[in-house]
Amino acid sequence: MKQGIDYRKYLRLDKFPHIWCPGCGNGTVLKALIKAINGIGYKKNEVVVVSGIGCSSRATGYLDFNTLHTTHGRALPFATGVKLGNPNLKVIVVSGDGDATAIGGNHFMHSCRRNIDMTLIIINNSIYGMTGGQYSPATNFMEFGTTAPYGNIEQDSDICKIAVACGASYVARATTFHVALMEKFIREGLEHKGFSVIESIAQCPHHYGRKNKLGDGPAMIRHYRETSVMLSKAEKMTPDELDGKTVIGRFLKDDRPEYCDSYRKLMSRAQGLSK
Amino acid sequence: MNDFVLMQGNEAAARGAIAAGVRFFAGYPITPSSEIAEIMALELPKLGGTFIQMEDEIASMGAIIGASLTGVKSLTATSGPGFSLKQENIGYAIITETPCVIVNVQRGGPSTGLPTKTSQSDIMQARWGTHGDHPIIAIYPSTVRDVFHEIIRAVNLSEKFRIPVIFLMDETLGHMRESFSIPSQFVVGSREVTTVAPEKGIYHPYTPHENGTLPFANFGSGHRFHVTGLIHDESGFPVTNAPEVAANVLRRIHDKIYDYTSEIWLNKEFGITDAEYVLVACGSTARSAKDAMIAARKIGIKVGLFQPITIWPFPYQRLRELSCLDQVKVFIVPEMNMGQMVGEVARCTMQRTRLHPLNRYDGELITPEQILNLIKEVHHNETRY
């Protein structure tokens, strides 16, 4: 008989009940992360989870690892310091769409570019949930938020394309409907040596869902099922056919120089020269 | 036999930090501090330390906090505009009680200001730059020799008190070259690490010992805990609806500094014993003030110099003592700004003595002549009327 994993081992149960709303997708992503860590067999002491500010970023409080809840948008620089301070640690960053691509956009770009060995999970719910439902860079054109009462007039960007363009070496996207895929991508990202980005589309029924009449948690998850297209299929579709669809899959997995490795070589060079 | 060297102020900051055990630097280029980053880039890899140029000042501040949490002594260096950017994360380091040192080589401000010119107009920002009620330690030397010694003390204080320390310099000090002998011995302190073994007990990162110290546990050491900028309890976990916990945390982090000022204050006093006029000056202004004091003495005016090296906590107690001496009549406060230290001098001296500021804010040094002229004028008024 197949044994399930004991999630309690990885959670700070004394900090429950958590603050997330009924129907929130954050828990699904958290579960995928725990399953991935459990599958690899990391020791809890060697894992550091770093987050910024937002509903997604509250995940760190509930996880029984070394956890670091930083300032809004700045998780990646803190994580960079942790990784370089002790390269043996496994560094995972959990961030939201606003945290990672609005205020944190600069750090997102440069962490990709450095290709430093850590895994970034961007939980994208297309809204600023914790502050009450303001629109974010991931909110679609003409959707609504509390600061877009007449409709959002900004386009959203493709976070995965930004990651690829900036130099990340593992980039993938899944939704909270595609739980097995999400766990697989997170695990691949963790095992990948280099900067891994997994965009996890997750529902925020309480704010984004209500403002845009998308229904409750299950309704939004069913919507992901309807509108998602696997990459292999999307590559054969026209832009018109792809309109309104979310492409999921693994966009990139590449081996290229990783920052800590390069720095170790730099140290050898420096020490060779000084002798 | 000590090493006798000719060194630039910025270089002394970098080499002093390395001597104090700093092995992580994250920074961003900005005049007039870039030399510190350049020397760290050259030297740290040779010692197995880490240098990284981050994408901006905010990231630099985040990175040094992250590295410090793994147990590495860390430092960053900047000037005015970068110091402004770092403020949010400085507050984060204060509330999470993470040791680190931030060098601010002051230049003309505000905003882009006078990038290559000197000033000391960030004195108040060093105290109150980040939002909210918070303690801070700020140190500001005036000679290249003191830069070396004092940055070691700054690192030691940040480790001991688990607080970011602001290391102020000014463009003059950062770029001047002076000779001094590198001490063969100096005290290097490190953070106290918890002796609680992970199997034996739960480690609470914010439970102080009776003597106020707060032992650290590095990430990866076996104690797993939560670090957050939210107001938190002793386990490090955020508390929103516990007002007494919030008040206690703020009180504790303030008491941990302000109950121990005797270990943090450092002042230099010249000619104070019989002084009637006391100059209060710091940084490069103290150099001119010392010359002015000597010149004034030569013409029979009894001038002394009080130079705070630790700027924050401000040396209110000692200045109050001086103002109570019968012969002390006037405090003269020359500053390369529009008056930032003078208010602090006033609050502990003005009940008993007169106060004269001297302000210069054009990017140039205050000269000994300027200070001497004011001394003469003040002396004239004191004796004539």
# chains A, B, ... in the order shown; residues from 1 in each chain; ligands from 1
>>> interface_residues(of="chain B", to="chain A", cutoff="6 Å", atoms="only C-alpha atoms", output="list in words")
Pro45, Lys46, Ala59, Gly62, Ala63, Ile64, Gly66, Ala67, Thr70, Gly220, Gly222, Arg224, Phe225, His226, Val227 and Thr228 of chain B
>>> write_last_selection(atoms="N, CA and C atoms", output="CSV table (one decimal), in the first residue's frame")
chain,number,residue,atom,x,y,z
B,45,PRO,N,38.0,37.7,-2.0
B,45,PRO,CA,38.2,36.4,-2.5
B,45,PRO,C,39.5,35.7,-2.1
B,46,LYS,N,40.5,36.5,-1.9
B,46,LYS,CA,41.8,36.0,-1.5
B,46,LYS,C,41.7,35.3,-0.1
B,59,ALA,N,19.2,46.1,-2.5
B,59,ALA,CA,19.6,44.7,-2.6
B,59,ALA,C,20.9,44.4,-1.8
B,62,GLY,N,19.9,44.0,1.8
B,62,GLY,CA,19.3,42.7,2.0
B,62,GLY,C,20.3,41.6,2.0
B,63,ALA,N,21.2,41.7,1.1
B,63,ALA,CA,22.2,40.6,1.0
B,63,ALA,C,23.1,40.5,2.2
B,64,ILE,N,23.5,41.7,2.8
B,64,ILE,CA,24.4,41.6,4.0
B,64,ILE,C,23.6,41.1,5.2
B,66,GLY,N,21.1,38.8,4.9
B,66,GLY,CA,21.0,37.4,4.6
B,66,GLY,C,22.3,36.7,5.0
B,67,ALA,N,23.4,37.2,4.6
B,67,ALA,CA,24.7,36.6,4.9
B,67,ALA,C,24.9,36.6,6.4
B,70,THR,N,23.6,33.7,8.3
B,70,THR,CA,24.3,32.4,8.2
B,70,THR,C,25.6,32.4,9.1
B,220,GLY,N,21.0,27.0,9.5
B,220,GLY,CA,21.7,25.8,9.2
B,220,GLY,C,22.4,25.1,10.4
B,222,GLY,N,21.0,24.0,13.0
B,222,GLY,CA,20.2,22.9,13.7
B,222,GLY,C,19.0,23.5,14.4
B,224,ARG,N,15.8,25.7,14.0
B,224,ARG,CA,15.0,26.3,12.9
B,224,ARG,C,14.1,27.3,13.5
B,225,PHE,N,14.2,28.5,13.0
B,225,PHE,CA,13.3,29.6,13.6
B,225,PHE,C,12.9,30.5,12.5
B,226,HIS,N,12.0,31.4,12.8
B,226,HIS,CA,11.4,32.3,11.8
B,226,HIS,C,12.0,33.7,12.1
B,227,VAL,N,12.4,34.4,11.1
B,227,VAL,CA,12.9,35.8,11.2
B,227,VAL,C,11.9,36.6,10.3
B,228,THR,N,11.4,37.6,10.9
B,228,THR,CA,10.5,38.5,10.2
B,228,THR,C,10.6,40.0,10.7
>>> select_by_dssp(residues="stretch 213-284 of chain B", states="strand (DSSP E or B)", output="ChimeraX atom specification")
/B:216,226-228,232,238,267-270,277-280
>>> write_last_selection(atoms="C-alpha atoms", output="PDB file, in the first residue's frame")
ATOM      1  CA  PHE B 216      22.415  33.834  18.067  1.00  0.00           C
ATOM      2  CA  HIS B 226      11.418  32.337  11.848  1.00  0.00           C
ATOM      3  CA  VAL B 227      12.891  35.758  11.169  1.00  0.00           C
ATOM      4  CA  THR B 228      10.456  38.511  10.229  1.00  0.00           C
ATOM      5  CA  HIS B 232       7.263  39.356  16.804  1.00  0.00           C
ATOM      6  CA  PRO B 238       4.542  37.706  14.225  1.00  0.00           C
ATOM      7  CA  ASN B 267      34.590  60.825  23.023  1.00  0.00           C
ATOM      8  CA  LYS B 268      37.879  62.616  22.589  1.00  0.00           C
ATOM      9  CA  GLU B 269      38.511  65.676  24.693  1.00  0.00           C
ATOM     10  CA  PHE B 270      41.247  68.206  24.102  1.00  0.00           C
ATOM     11  CA  TYR B 277      34.599  77.816  25.438  1.00  0.00           C
ATOM     12  CA  VAL B 278      33.975  74.258  24.271  1.00  0.00           C
ATOM     13  CA  LEU B 279      33.937  73.366  20.606  1.00  0.00           C
ATOM     14  CA  VAL B 280      31.756  70.377  19.786  1.00  0.00           C
TER      15      VAL B 280
END
>>> residues_around(residues="stretch 333-350 of chain B", least_positions_apart="4", cutoff="9 Å", atoms="only C-alpha atoms", output="ChimeraX atom specification")
/B:108,118-124,278-282,284-286,289,311,314-317,319-324,354-366,371
>>> write_last_selection(atoms="C-alpha atoms", output="PDB file, in the first residue's frame")
ATOM      1  CA  GLY B 108      26.694  67.134  -0.256  1.00  0.00           C
ATOM      2  CA  THR B 118      32.162  66.853   1.516  1.00  0.00           C
ATOM      3  CA  SER B 119      29.459  67.327   4.127  1.00  0.00           C
ATOM      4  CA  GLN B 120      28.167  65.873   7.346  1.00  0.00           C
ATOM      5  CA  SER B 121      24.492  66.379   6.613  1.00  0.00           C
ATOM      6  CA  ASP B 122      23.374  62.811   7.303  1.00  0.00           C
ATOM      7  CA  ILE B 123      23.864  62.969  11.088  1.00  0.00           C
ATOM      8  CA  MET B 124      20.122  63.042  11.746  1.00  0.00           C
ATOM      9  CA  VAL B 278      33.975  74.258  24.271  1.00  0.00           C
ATOM     10  CA  LEU B 279      33.937  73.366  20.606  1.00  0.00           C
ATOM     11  CA  VAL B 280      31.756  70.377  19.786  1.00  0.00           C
ATOM     12  CA  ALA B 281      32.766  68.938  16.422  1.00  0.00           C
ATOM     13  CA  CYS B 282      32.951  65.598  14.679  1.00  0.00           C
ATOM     14  CA  SER B 284      36.640  66.303   9.380  1.00  0.00           C
ATOM     15  CA  THR B 285      35.320  69.403  11.143  1.00  0.00           C
ATOM     16  CA  ALA B 286      37.015  68.168  14.313  1.00  0.00           C
ATOM     17  CA  ALA B 289      38.347  72.625  15.320  1.00  0.00           C
ATOM     18  CA  ILE B 311      27.540  60.059  17.567  1.00  0.00           C
ATOM     19  CA  PHE B 314      24.632  60.993  21.606  1.00  0.00           C
ATOM     20  CA  PRO B 315      26.901  61.863  24.573  1.00  0.00           C
ATOM     21  CA  TYR B 316      24.304  63.904  26.432  1.00  0.00           C
ATOM     22  CA  GLN B 317      25.606  62.892  29.857  1.00  0.00           C
ATOM     23  CA  LEU B 319      28.148  67.285  27.685  1.00  0.00           C
ATOM     24  CA  ARG B 320      25.758  68.002  30.542  1.00  0.00           C
ATOM     25  CA  GLU B 321      28.615  67.412  32.983  1.00  0.00           C
ATOM     26  CA  LEU B 322      30.801  69.852  31.060  1.00  0.00           C
ATOM     27  CA  SER B 323      28.057  72.462  30.999  1.00  0.00           C
ATOM     28  CA  CYS B 324      27.856  72.223  34.794  1.00  0.00           C
ATOM     29  CA  ARG B 354      25.248  79.822  25.722  1.00  0.00           C
ATOM     30  CA  LEU B 355      25.332  78.102  22.350  1.00  0.00           C
ATOM     31  CA  HIS B 356      26.692  79.247  18.985  1.00  0.00           C
ATOM     32  CA  PRO B 357      26.404  77.230  15.809  1.00  0.00           C
ATOM     33  CA  LEU B 358      28.729  77.609  12.819  1.00  0.00           C
ATOM     34  CA  ASN B 359      27.289  76.154   9.675  1.00  0.00           C
ATOM     35  CA  ARG B 360      28.826  75.564   6.284  1.00  0.00           C
ATOM     36  CA  TYR B 361      26.893  73.695   3.619  1.00  0.00           C
ATOM     37  CA  ASP B 362      28.561  74.519   0.305  1.00  0.00           C
ATOM     38  CA  GLY B 363      30.546  71.324  -0.098  1.00  0.00           C
ATOM     39  CA  GLU B 364      33.701  72.815   1.422  1.00  0.00           C
ATOM     40  CA  LEU B 365      35.485  72.160   4.707  1.00  0.00           C
ATOM     41  CA  ILE B 366      35.023  74.496   7.613  1.00  0.00           C
ATOM     42  CA  ILE B 371      36.141  78.685  13.710  1.00  0.00           C
TER      43      ILE B 371
END
>>> closest_residue(among="B:Ala26, B:Val188, B:Ile253, B:Leu75", to="B:Arg162", atoms="only C-alpha atoms")
B:Ile253
>>> residues_around(residues="B:Val165", least_positions_apart="5", cutoff="6 Å", atoms="only C-alpha atoms", output="PDB file with N, CA and C atoms, in the first residue's frame")
ATOM      1  N   VAL B 101      27.289  46.131   9.395  1.00  0.00           N
ATOM      2  CA  VAL B 101      27.787  47.504   9.447  1.00  0.00           C
ATOM      3  C   VAL B 101      27.497  48.183   8.114  1.00  0.00           C
ATOM      4  N   ILE B 137      23.185  52.669  16.611  1.00  0.00           N
ATOM      5  CA  ILE B 137      24.540  53.066  16.978  1.00  0.00           C
ATOM      6  C   ILE B 137      25.176  53.664  15.732  1.00  0.00           C
ATOM      7  N   ALA B 138      25.779  54.847  15.879  1.00  0.00           N
ATOM      8  CA  ALA B 138      26.494  55.464  14.758  1.00  0.00           C
ATOM      9  C   ALA B 138      27.838  55.970  15.251  1.00  0.00           C
ATOM     10  N   SER B 158      28.366  45.793  16.677  1.00  0.00           N
ATOM     11  CA  SER B 158      27.200  45.239  15.971  1.00  0.00           C
ATOM     12  C   SER B 158      27.017  43.771  16.344  1.00  0.00           C
TER      13      SER B 158
END
>>> residues_around(residues="stretch 147-153 of chain A", least_positions_apart="4", cutoff="10 Å", atoms="only C-alpha atoms", output="list in words")
Gly132, Gly133, Gln134, Tyr135, Ser136, Pro137, Thr139, Asn140, Phe141, Met142, Glu143 and Lys211 of chain A
>>> residues_around(residues="B:Ser60", least_positions_apart="6", cutoff="7 Å", atoms="only C-alpha atoms", output="list in words")
Ala26, Gly27, Tyr28, Met54 and Thr76 of chain B
>>> select_by_dssp(residues="stretch 194-234 of chain A", states="alpha helix (DSSP H)", output="PyMOL selection string")
chain A and resi 210-211+217-227+231-234
>>> write_last_selection(atoms="N, CA, C and O atoms", output="mmCIF file, in the first residue's frame")
data_model
loop_
_atom_site.group_PDB
_atom_site.id
_atom_site.type_symbol
_atom_site.label_atom_id
_atom_site.label_comp_id
_atom_site.auth_asym_id
_atom_site.auth_seq_id
_atom_site.Cartn_x
_atom_site.Cartn_y
_atom_site.Cartn_z
ATOM 1 N N ARG A 210 -13.846 37.771 -6.691
ATOM 2 C CA ARG A 210 -15.073 38.549 -6.494
ATOM 3 C C ARG A 210 -15.133 39.748 -7.414
ATOM 4 O O ARG A 210 -16.139 40.003 -8.068
ATOM 5 N N LYS A 211 -14.018 40.494 -7.471
ATOM 6 C CA LYS A 211 -13.991 41.719 -8.286
ATOM 7 C C LYS A 211 -14.223 41.413 -9.757
ATOM 8 O O LYS A 211 -14.742 42.244 -10.489
ATOM 9 N N GLY A 217 -13.360 29.272 -5.060
ATOM 10 C CA GLY A 217 -12.099 28.561 -5.294
ATOM 11 C C GLY A 217 -12.229 27.467 -6.335
ATOM 12 O O GLY A 217 -11.523 27.480 -7.359
ATOM 13 N N PRO A 218 -13.132 26.494 -6.118
ATOM 14 C CA PRO A 218 -13.287 25.411 -7.101
ATOM 15 C C PRO A 218 -13.645 25.930 -8.492
ATOM 16 O O PRO A 218 -13.148 25.405 -9.496
ATOM 17 N N ALA A 219 -14.486 26.963 -8.566
ATOM 18 C CA ALA A 219 -14.854 27.505 -9.878
ATOM 19 C C ALA A 219 -13.631 28.058 -10.596
ATOM 20 O O ALA A 219 -13.454 27.861 -11.807
ATOM 21 N N MET A 220 -12.781 28.734 -9.829
ATOM 22 C CA MET A 220 -11.582 29.312 -10.448
ATOM 23 C C MET A 220 -10.619 28.215 -10.882
ATOM 24 O O MET A 220 -9.967 28.315 -11.930
ATOM 25 N N ILE A 221 -10.535 27.150 -10.106
ATOM 26 C CA ILE A 221 -9.652 26.043 -10.495
ATOM 27 C C ILE A 221 -10.172 25.385 -11.768
ATOM 28 O O ILE A 221 -9.403 25.037 -12.684
ATOM 29 N N ARG A 222 -11.506 25.224 -11.856
ATOM 30 C CA ARG A 222 -12.079 24.660 -13.082
ATOM 31 C C ARG A 222 -11.779 25.571 -14.259
ATOM 32 O O ARG A 222 -11.499 25.113 -15.367
ATOM 33 N N HIS A 223 -11.782 26.872 -14.027
ATOM 34 C CA HIS A 223 -11.444 27.845 -15.075
ATOM 35 C C HIS A 223 -10.008 27.652 -15.559
ATOM 36 O O HIS A 223 -9.718 27.730 -16.760
ATOM 37 N N TYR A 224 -9.096 27.361 -14.625
ATOM 38 C CA TYR A 224 -7.709 27.086 -15.036
ATOM 39 C C TYR A 224 -7.677 25.870 -15.955
ATOM 40 O O TYR A 224 -6.947 25.816 -16.934
ATOM 41 N N ARG A 225 -8.487 24.871 -15.613
ATOM 42 C CA ARG A 225 -8.505 23.677 -16.450
ATOM 43 C C ARG A 225 -8.950 24.032 -17.854
ATOM 44 O O ARG A 225 -8.360 23.582 -18.832
ATOM 45 N N GLU A 226 -10.000 24.887 -17.954
ATOM 46 C CA GLU A 226 -10.535 25.251 -19.272
ATOM 47 C C GLU A 226 -9.551 26.067 -20.095
ATOM 48 O O GLU A 226 -9.497 25.941 -21.324
ATOM 49 N N THR A 227 -8.807 26.953 -19.426
ATOM 50 C CA THR A 227 -8.025 27.941 -20.186
ATOM 51 C C THR A 227 -6.544 27.613 -20.299
ATOM 52 O O THR A 227 -5.791 28.347 -20.913
ATOM 53 N N LEU A 231 2.397 23.408 -23.239
ATOM 54 C CA LEU A 231 3.353 24.050 -24.144
ATOM 55 C C LEU A 231 3.463 23.319 -25.475
ATOM 56 O O LEU A 231 3.477 23.940 -26.545
ATOM 57 N N SER A 232 3.518 21.987 -25.389
ATOM 58 C CA SER A 232 3.696 21.206 -26.623
ATOM 59 C C SER A 232 2.556 21.462 -27.602
ATOM 60 O O SER A 232 2.754 21.503 -28.811
ATOM 61 N N LYS A 233 1.344 21.640 -27.042
ATOM 62 C CA LYS A 233 0.200 21.918 -27.915
ATOM 63 C C LYS A 233 0.210 23.373 -28.366
ATOM 64 O O LYS A 233 -0.083 23.691 -29.526
ATOM 65 N N ALA A 234 0.599 24.268 -27.438
ATOM 66 C CA ALA A 234 0.565 25.704 -27.735
ATOM 67 C C ALA A 234 1.505 26.067 -28.875
ATOM 68 O O ALA A 234 1.243 26.996 -29.649
#
>>> atom_distance(atom1="atom CA of B:His175", atom2="atom CA of B:Asn10")
6.5 Å
>>> atom_distance(atom1="atom CA of B:Ser262", atom2="atom CA of B:Ile182")
26.3 Å
>>> closest_residue(among="A:Arg256, A:Ser57, A:Lys31, A:Ser157", to="A:Cys112", atoms="only C-alpha atoms")
A:Arg256
>>> residues_around(residues="A:Ile19", least_positions_apart="4", cutoff="10 Å", atoms="only C-alpha atoms", output="PyMOL selection string")
chain A and resi 15+55+58-59+130
>>> write_last_selection(atoms="C-alpha atoms", output="CSV table (one decimal), in the first residue's frame")
chain,number,residue,atom,x,y,z
A,15,LYS,CA,1.1,28.6,14.3
A,55,CYS,CA,-0.4,36.4,1.3
A,58,ARG,CA,3.2,34.2,4.8
A,59,ALA,CA,4.0,30.6,3.8
A,130,MET,CA,-3.2,41.0,1.5
>>> atom_distance(atom1="atom CA of B:Thr194", atom2="atom CA of B:Arg153")
22.5 Å
>>> decode(residues="stretch 47-73 of chain A", atoms="N, CA, C and O atoms", output="PDB file, in the first residue's frame")
ATOM      1  N   VAL A  47      17.513  23.493   4.751  1.00  0.00           N
ATOM      2  CA  VAL A  47      16.632  24.241   3.863  1.00  0.00           C
ATOM      3  C   VAL A  47      16.351  25.618   4.457  1.00  0.00           C
ATOM      4  O   VAL A  47      16.033  25.749   5.644  1.00  0.00           O
ATOM      5  N   VAL A  48      16.488  26.648   3.617  1.00  0.00           N
ATOM      6  CA  VAL A  48      16.118  28.006   4.023  1.00  0.00           C
ATOM      7  C   VAL A  48      15.032  28.478   3.065  1.00  0.00           C
ATOM      8  O   VAL A  48      15.226  28.451   1.847  1.00  0.00           O
ATOM      9  N   VAL A  49      13.887  28.887   3.597  1.00  0.00           N
ATOM     10  CA  VAL A  49      12.832  29.428   2.746  1.00  0.00           C
ATOM     11  C   VAL A  49      12.727  30.924   3.029  1.00  0.00           C
ATOM     12  O   VAL A  49      12.594  31.343   4.179  1.00  0.00           O
ATOM     13  N   VAL A  50      12.807  31.695   1.957  1.00  0.00           N
ATOM     14  CA  VAL A  50      12.812  33.158   2.075  1.00  0.00           C
ATOM     15  C   VAL A  50      11.579  33.699   1.365  1.00  0.00           C
ATOM     16  O   VAL A  50      11.244  33.233   0.276  1.00  0.00           O
ATOM     17  N   SER A  51      10.905  34.651   1.976  1.00  0.00           N
ATOM     18  CA  SER A  51       9.733  35.221   1.320  1.00  0.00           C
ATOM     19  C   SER A  51       9.745  36.738   1.468  1.00  0.00           C
ATOM     20  O   SER A  51      10.520  37.291   2.246  1.00  0.00           O
ATOM     21  N   GLY A  52       8.872  37.399   0.703  1.00  0.00           N
ATOM     22  CA  GLY A  52       8.739  38.851   0.787  1.00  0.00           C
ATOM     23  C   GLY A  52       7.530  39.209   1.633  1.00  0.00           C
ATOM     24  O   GLY A  52       7.414  38.774   2.771  1.00  0.00           O
ATOM     25  N   ILE A  53       6.620  39.991   1.044  1.00  0.00           N
ATOM     26  CA  ILE A  53       5.429  40.395   1.790  1.00  0.00           C
ATOM     27  C   ILE A  53       4.210  40.129   0.923  1.00  0.00           C
ATOM     28  O   ILE A  53       4.193  40.468  -0.255  1.00  0.00           O
ATOM     29  N   GLY A  54       3.200  39.559   1.523  1.00  0.00           N
ATOM     30  CA  GLY A  54       1.959  39.289   0.804  1.00  0.00           C
ATOM     31  C   GLY A  54       1.383  38.001   1.346  1.00  0.00           C
ATOM     32  O   GLY A  54       1.973  37.372   2.220  1.00  0.00           O
ATOM     33  N   CYS A  55       0.232  37.617   0.824  1.00  0.00           N
ATOM     34  CA  CYS A  55      -0.370  36.386   1.324  1.00  0.00           C
ATOM     35  C   CYS A  55       0.548  35.196   1.052  1.00  0.00           C
ATOM     36  O   CYS A  55       0.783  34.366   1.929  1.00  0.00           O
ATOM     37  N   SER A  56       1.093  35.125  -0.183  1.00  0.00           N
ATOM     38  CA  SER A  56       1.996  34.018  -0.529  1.00  0.00           C
ATOM     39  C   SER A  56       3.174  33.966   0.422  1.00  0.00           C
ATOM     40  O   SER A  56       3.610  32.907   0.842  1.00  0.00           O
ATOM     41  N   SER A  57       3.672  35.176   0.730  1.00  0.00           N
ATOM     42  CA  SER A  57       4.890  35.244   1.526  1.00  0.00           C
ATOM     43  C   SER A  57       4.678  34.845   2.974  1.00  0.00           C
ATOM     44  O   SER A  57       5.640  34.662   3.709  1.00  0.00           O
ATOM     45  N   ARG A  58       3.440  34.688   3.399  1.00  0.00           N
ATOM     46  CA  ARG A  58       3.175  34.226   4.769  1.00  0.00           C
ATOM     47  C   ARG A  58       3.496  32.742   4.906  1.00  0.00           C
ATOM     48  O   ARG A  58       3.518  32.213   6.019  1.00  0.00           O
ATOM     49  N   ALA A  59       3.719  32.082   3.763  1.00  0.00           N
ATOM     50  CA  ALA A  59       3.994  30.644   3.795  1.00  0.00           C
ATOM     51  C   ALA A  59       5.159  30.304   4.714  1.00  0.00           C
ATOM     52  O   ALA A  59       5.155  29.266   5.378  1.00  0.00           O
ATOM     53  N   THR A  60       6.166  31.190   4.753  1.00  0.00           N
ATOM     54  CA  THR A  60       7.364  30.879   5.531  1.00  0.00           C
ATOM     55  C   THR A  60       7.053  30.670   7.009  1.00  0.00           C
ATOM     56  O   THR A  60       7.671  29.831   7.666  1.00  0.00           O
ATOM     57  N   GLY A  61       6.095  31.412   7.529  1.00  0.00           N
ATOM     58  CA  GLY A  61       5.773  31.276   8.952  1.00  0.00           C
ATOM     59  C   GLY A  61       5.272  29.887   9.300  1.00  0.00           C
ATOM     60  O   GLY A  61       5.433  29.421  10.432  1.00  0.00           O
ATOM     61  N   TYR A  62       4.667  29.208   8.307  1.00  0.00           N
ATOM     62  CA  TYR A  62       4.024  27.922   8.585  1.00  0.00           C
ATOM     63  C   TYR A  62       4.916  26.728   8.303  1.00  0.00           C
ATOM     64  O   TYR A  62       4.539  25.586   8.569  1.00  0.00           O
ATOM     65  N   LEU A  63       6.117  26.989   7.737  1.00  0.00           N
ATOM     66  CA  LEU A  63       7.002  25.907   7.333  1.00  0.00           C
ATOM     67  C   LEU A  63       8.096  25.685   8.363  1.00  0.00           C
ATOM     68  O   LEU A  63       8.715  26.644   8.834  1.00  0.00           O
ATOM     69  N   ASP A  64       8.369  24.447   8.693  1.00  0.00           N
ATOM     70  CA  ASP A  64       9.387  24.142   9.692  1.00  0.00           C
ATOM     71  C   ASP A  64      10.754  23.944   9.039  1.00  0.00           C
ATOM     72  O   ASP A  64      11.279  22.831   8.976  1.00  0.00           O
ATOM     73  N   PHE A  65      11.291  25.061   8.543  1.00  0.00           N
ATOM     74  CA  PHE A  65      12.666  25.088   8.039  1.00  0.00           C
ATOM     75  C   PHE A  65      13.319  26.325   8.638  1.00  0.00           C
ATOM     76  O   PHE A  65      12.741  26.951   9.531  1.00  0.00           O
ATOM     77  N   ASN A  66      14.504  26.696   8.158  1.00  0.00           N
ATOM     78  CA  ASN A  66      15.038  28.019   8.510  1.00  0.00           C
ATOM     79  C   ASN A  66      14.246  28.997   7.657  1.00  0.00           C
ATOM     80  O   ASN A  66      14.297  28.910   6.430  1.00  0.00           O
ATOM     81  N   THR A  67      13.483  29.872   8.266  1.00  0.00           N
ATOM     82  CA  THR A  67      12.597  30.726   7.470  1.00  0.00           C
ATOM     83  C   THR A  67      12.900  32.202   7.667  1.00  0.00           C
ATOM     84  O   THR A  67      13.213  32.659   8.758  1.00  0.00           O
ATOM     85  N   LEU A  68      12.782  32.941   6.560  1.00  0.00           N
ATOM     86  CA  LEU A  68      13.165  34.353   6.537  1.00  0.00           C
ATOM     87  C   LEU A  68      12.099  35.146   5.791  1.00  0.00           C
ATOM     88  O   LEU A  68      11.962  35.044   4.579  1.00  0.00           O
ATOM     89  N   HIS A  69      11.358  35.934   6.529  1.00  0.00           N
ATOM     90  CA  HIS A  69      10.247  36.719   5.985  1.00  0.00           C
ATOM     91  C   HIS A  69      10.749  38.155   5.887  1.00  0.00           C
ATOM     92  O   HIS A  69      10.883  38.832   6.896  1.00  0.00           O
ATOM     93  N   THR A  70      11.047  38.615   4.668  1.00  0.00           N
ATOM     94  CA  THR A  70      11.796  39.864   4.513  1.00  0.00           C
ATOM     95  C   THR A  70      10.885  41.051   4.186  1.00  0.00           C
ATOM     96  O   THR A  70       9.704  41.033   4.525  1.00  0.00           O
ATOM     97  N   THR A  71      11.459  42.059   3.517  1.00  0.00           N
ATOM     98  CA  THR A  71      10.682  43.246   3.161  1.00  0.00           C
ATOM     99  C   THR A  71      10.075  43.064   1.757  1.00  0.00           C
ATOM    100  O   THR A  71      10.514  42.212   0.994  1.00  0.00           O
ATOM    101  N   HIS A  72       9.095  43.882   1.424  1.00  0.00           N
ATOM    102  CA  HIS A  72       8.316  43.705   0.207  1.00  0.00           C
ATOM    103  C   HIS A  72       9.187  43.776  -1.040  1.00  0.00           C
ATOM    104  O   HIS A  72       9.798  44.812  -1.326  1.00  0.00           O
ATOM    105  N   GLY A  73       9.213  42.695  -1.788  1.00  0.00           N
ATOM    106  CA  GLY A  73       9.962  42.693  -3.045  1.00  0.00           C
ATOM    107  C   GLY A  73      11.423  42.319  -2.921  1.00  0.00           C
ATOM    108  O   GLY A  73      12.119  42.210  -3.923  1.00  0.00           O
TER     109      GLY A  73
END
